[in-house]
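J.: Input: one structure, supplied below.
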Amino acid sequence: MEASPYIHFFHLFSWATRVSIELPVGFEEQQEDPDTNSAVYADDLDDEDEPGARVMTKMTAVPVESSDAYRSLAAASAQISSRSVEQQRECAIDGSPAVRQIPTYREDEAEIDVICHETVAQLGNVAFSIICLVPASRRTDYLPAFDHAADSVRFILLPVAGAFS
């Protein structure tokens, strides 16, 4: 039996974002911040100090009457001045409407080109962002894994203990 190249989604769940995600073996939780409802996972390659990949999941409250806030969030990200969007498409993540796009940009401080794989979904009055970053030189290694990660996302909207007291 061959080992799966992905970590089972149960192992990468964030209470801060309510997002469960599968990432390639080697990614570890780097930071979880309940104040910003975000979690960051990192894959530091450690090969000659080459920059590694990062995945951030984020949960954002949106107005109840805004059923397409996910589109507005994706559009705002795509319009950041230094970005060029290679691909953009509508899709569904865990049954929720979403936009997936691949902006690229130059990180001047690190002097590298960066690929950004973004998926923004909306469930009711909550938008979920899955933002994956990797140096452009690692594009072929990571883009299929980022597609898999975004497709594997599950939103776990469990009530917080004491919320109904």
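Residues are named by chain letter and number: chains run A, B, ... in the order of the structure tokens, numbers start at 1 in each chain, and ligands are numbered from 1 in the order shown.
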Can you list, as a ChimeraX atom specification, all residues belonging to segment 56-142 of chain A that DSSP tags as strand (DSSP E or B)?

T.: /A:56-61,84-93,96-107,112-123,126-135

J.: So that I have them on file, write out the residues from the current selection with N, CA and C atoms, as a tab-separated table (two decimals), in the first residue's frame.

T.:
```tsv
chain	number	residue	atom	x	y	z
A	56	MET	N	-2.35	30.27	3.85
A	56	MET	CA	-3.09	30.95	4.91
A	56	MET	C	-4.57	30.71	4.69
A	57	THR	N	-5.26	30.32	5.76
A	57	THR	CA	-6.71	30.25	5.72
A	57	THR	C	-7.23	31.37	6.61
A	58	LYS	N	-8.33	31.97	6.18
A	58	LYS	CA	-8.87	33.12	6.92
A	58	LYS	C	-10.39	33.10	6.83
A	59	MET	N	-11.03	33.47	7.93
A	59	MET	CA	-12.48	33.58	8.00
A	59	MET	C	-12.82	35.05	8.26
A	60	THR	N	-13.75	35.60	7.44
A	60	THR	CA	-14.11	37.01	7.55
A	60	THR	C	-15.63	37.15	7.54
A	61	ALA	N	-16.17	37.87	8.51
A	61	ALA	CA	-17.61	38.14	8.52
A	61	ALA	C	-17.93	39.15	7.42
A	84	SER	N	-0.63	40.68	-11.45
A	84	SER	CA	-1.16	40.32	-12.76
A	84	SER	C	-1.87	38.99	-12.58
A	85	VAL	N	-3.15	38.91	-12.95
A	85	VAL	CA	-3.92	37.68	-12.74
A	85	VAL	C	-3.83	36.81	-13.99
A	86	GLU	N	-3.24	35.61	-13.81
A	86	GLU	CA	-3.09	34.66	-14.92
A	86	GLU	C	-4.39	33.93	-15.21
A	87	GLN	N	-5.08	33.51	-14.16
A	87	GLN	CA	-6.30	32.72	-14.30
A	87	GLN	C	-7.31	33.19	-13.27
A	88	GLN	N	-8.59	33.07	-13.62
A	88	GLN	CA	-9.66	33.34	-12.66
A	88	GLN	C	-10.88	32.56	-13.12
A	89	ARG	N	-11.54	31.88	-12.16
A	89	ARG	CA	-12.74	31.13	-12.52
A	89	ARG	C	-13.65	30.98	-11.32
A	90	GLU	N	-14.92	30.83	-11.60
A	90	GLU	CA	-15.92	30.53	-10.57
A	90	GLU	C	-15.86	29.02	-10.31
A	91	CYS	N	-16.09	28.64	-9.07
A	91	CYS	CA	-16.10	27.22	-8.71
A	91	CYS	C	-16.93	27.06	-7.44
A	92	ALA	N	-16.91	25.89	-6.87
A	92	ALA	CA	-17.58	25.64	-5.59
A	92	ALA	C	-16.60	24.94	-4.67
A	93	ILE	N	-16.59	25.35	-3.41
A	93	ILE	CA	-15.76	24.72	-2.39
A	93	ILE	C	-16.68	24.27	-1.27
A	96	SER	N	-20.09	25.55	-1.45
A	96	SER	CA	-20.28	27.00	-1.40
A	96	SER	C	-19.71	27.67	-2.64
A	97	PRO	N	-20.34	28.76	-3.12
A	97	PRO	CA	-19.81	29.45	-4.29
A	97	PRO	C	-18.44	30.06	-3.98
A	98	ALA	N	-17.57	30.04	-4.99
A	98	ALA	CA	-16.20	30.51	-4.78
A	98	ALA	C	-15.61	31.06	-6.07
A	99	VAL	N	-14.53	31.80	-5.92
A	99	VAL	CA	-13.70	32.27	-7.03
A	99	VAL	C	-12.30	31.76	-6.77
A	100	ARG	N	-11.68	31.18	-7.80
A	100	ARG	CA	-10.27	30.78	-7.70
A	100	ARG	C	-9.49	31.58	-8.73
A	101	GLN	N	-8.36	32.14	-8.30
A	101	GLN	CA	-7.54	32.93	-9.20
A	101	GLN	C	-6.07	32.73	-8.88
A	102	ILE	N	-5.25	33.04	-9.89
A	102	ILE	CA	-3.80	32.90	-9.71
A	102	ILE	C	-3.13	34.21	-10.11
A	103	PRO	N	-2.98	35.12	-9.13
A	103	PRO	CA	-2.20	36.34	-9.38
A	103	PRO	C	-0.71	36.05	-9.24
A	104	THR	N	0.09	36.80	-9.96
A	104	THR	CA	1.54	36.74	-9.83
A	104	THR	C	2.04	38.15	-9.54
A	105	TYR	N	3.17	38.22	-8.87
A	105	TYR	CA	3.75	39.53	-8.58
A	105	TYR	C	5.23	39.37	-8.26
A	106	ARG	N	5.92	40.48	-8.24
A	106	ARG	CA	7.34	40.52	-7.91
A	106	ARG	C	7.48	40.97	-6.46
A	107	GLU	N	8.16	40.16	-5.65
A	107	GLU	CA	8.46	40.52	-4.26
A	107	GLU	C	9.83	41.20	-4.30
A	112	ILE	N	12.24	38.03	-5.71
A	112	ILE	CA	11.74	36.82	-6.37
A	112	ILE	C	10.35	37.10	-6.94
A	113	ASP	N	9.99	36.33	-7.98
A	113	ASP	CA	8.64	36.36	-8.50
A	113	ASP	C	7.82	35.36	-7.69
A	114	VAL	N	6.57	35.72	-7.40
A	114	VAL	CA	5.72	34.92	-6.53
A	114	VAL	C	4.43	34.53	-7.26
A	115	ILE	N	4.04	33.30	-7.07
A	115	ILE	CA	2.74	32.80	-7.53
A	115	ILE	C	1.82	32.79	-6.32
A	116	CYS	N	0.64	33.35	-6.48
A	116	CYS	CA	-0.36	33.38	-5.42
A	116	CYS	C	-1.58	32.62	-5.92
A	117	HIS	N	-1.93	31.54	-5.27
A	117	HIS	CA	-3.09	30.72	-5.62
A	117	HIS	C	-4.16	31.03	-4.58
A	118	GLU	N	-5.22	31.74	-4.99
A	118	GLU	CA	-6.24	32.18	-4.05
A	118	GLU	C	-7.59	31.56	-4.37
A	119	THR	N	-8.28	31.16	-3.32
A	119	THR	CA	-9.67	30.73	-3.45
A	119	THR	C	-10.45	31.45	-2.36
A	120	VAL	N	-11.53	32.11	-2.76
A	120	VAL	CA	-12.39	32.81	-1.81
A	120	VAL	C	-13.79	32.24	-1.96
A	121	ALA	N	-14.35	31.74	-0.86
A	121	ALA	CA	-15.68	31.14	-0.86
A	121	ALA	C	-16.56	31.85	0.16
A	122	GLN	N	-17.87	31.68	0.01
A	122	GLN	CA	-18.78	32.30	0.95
A	122	GLN	C	-19.86	31.31	1.38
A	123	LEU	N	-20.09	31.28	2.68
A	123	LEU	CA	-21.14	30.46	3.27
A	123	LEU	C	-21.94	31.38	4.18
A	126	VAL	N	-20.31	34.57	6.02
A	126	VAL	CA	-18.88	34.35	6.29
A	126	VAL	C	-18.16	34.06	4.97
A	127	ALA	N	-17.07	34.78	4.73
A	127	ALA	CA	-16.20	34.52	3.58
A	127	ALA	C	-14.97	33.80	4.09
A	128	PHE	N	-14.54	32.82	3.34
A	128	PHE	CA	-13.34	32.04	3.67
A	128	PHE	C	-12.32	32.24	2.56
A	129	SER	N	-11.09	32.56	2.94
A	129	SER	CA	-10.00	32.74	1.97
A	129	SER	C	-8.96	31.66	2.20
A	130	ILE	N	-8.51	31.07	1.10
A	130	ILE	CA	-7.39	30.12	1.13
A	130	ILE	C	-6.34	30.73	0.20
A	131	ILE	N	-5.25	31.21	0.77
A	131	ILE	CA	-4.24	31.93	0.01
A	131	ILE	C	-2.93	31.16	0.10
A	132	CYS	N	-2.44	30.73	-1.05
A	132	CYS	CA	-1.22	29.92	-1.13
A	132	CYS	C	-0.16	30.71	-1.88
A	133	LEU	N	1.02	30.80	-1.29
A	133	LEU	CA	2.13	31.55	-1.89
A	133	LEU	C	3.33	30.65	-2.08
A	134	VAL	N	4.01	30.83	-3.23
A	134	VAL	CA	5.22	30.05	-3.49
A	134	VAL	C	6.07	30.82	-4.51
A	135	PRO	N	7.39	30.71	-4.40
A	135	PRO	CA	8.24	31.32	-5.44
A	135	PRO	C	7.88	30.74	-6.80
```

J.: What are the DSSP alpha helix (DSSP H) residues of chain A, as a list in words?

T.: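 Everything in chain A that counts as alpha helix (DSSP H) is Ala69, Tyr70, Arg71, Ser72, Leu73, Ala74, Ala75, Ala76, Ser77, Ala78, Arg139, Thr140, Asp141, Tyr142, Leu143, Pro144, Ala145, Phe146, Asp147, His148, Ala149, Ala150, Asp151 and Ser152 of chain A.
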
J.: Would you mind listing what lies within 7 Å of Leu12 of chain A as a list in words, with only C-alpha atoms counted and same-chain residues fewer than 6 positions away left out?

T.: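 Those residues are Ser20, Ile21 and Glu22 of chain A.
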
J.: I'd like to know which of A:Gly95, A:Gly124, A:Pro51, A:Pro24 is closest to Arg154 of chain A, using only C-alpha atoms.

T.: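 Nearest candidate to Arg154 of chain A out of A:Gly95, A:Gly124, A:Pro51, A:Pro24: A:Gly95.
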
J.: If we count only C-alpha atoms, what is near Glu32 of chain A at a cut-off of 9 Å, once residues fewer than 4 positions away on the same chain are taken out, given as a PyMOL selection string?

T.: chain A and resi 14-17+36-41

J.: Between A:Asn125, A:Ser81, A:Arg18, A:Gly26, single out the one closest to Ser67 of chain A, counting only C-alpha atoms.

T.: A:Asn125

J.: So what do you get for atom CA of Pro144 of chain A versus atom CA of Arg71 of chain A, distance-wise?

T.: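 One can read the atom CA of Pro144 of chain A to atom CA of Arg71 of chain A distance as 23.0 Å.
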
J.: From the options A:Ala136, A:Ala150, A:Ala69, A:Val19, which residue's atoms come nearest to Gly52 of chain A, counting only C-alpha atoms?

T.: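 Counting only C-alpha atoms, the residue closest to Gly52 of chain A is A:Ala136.
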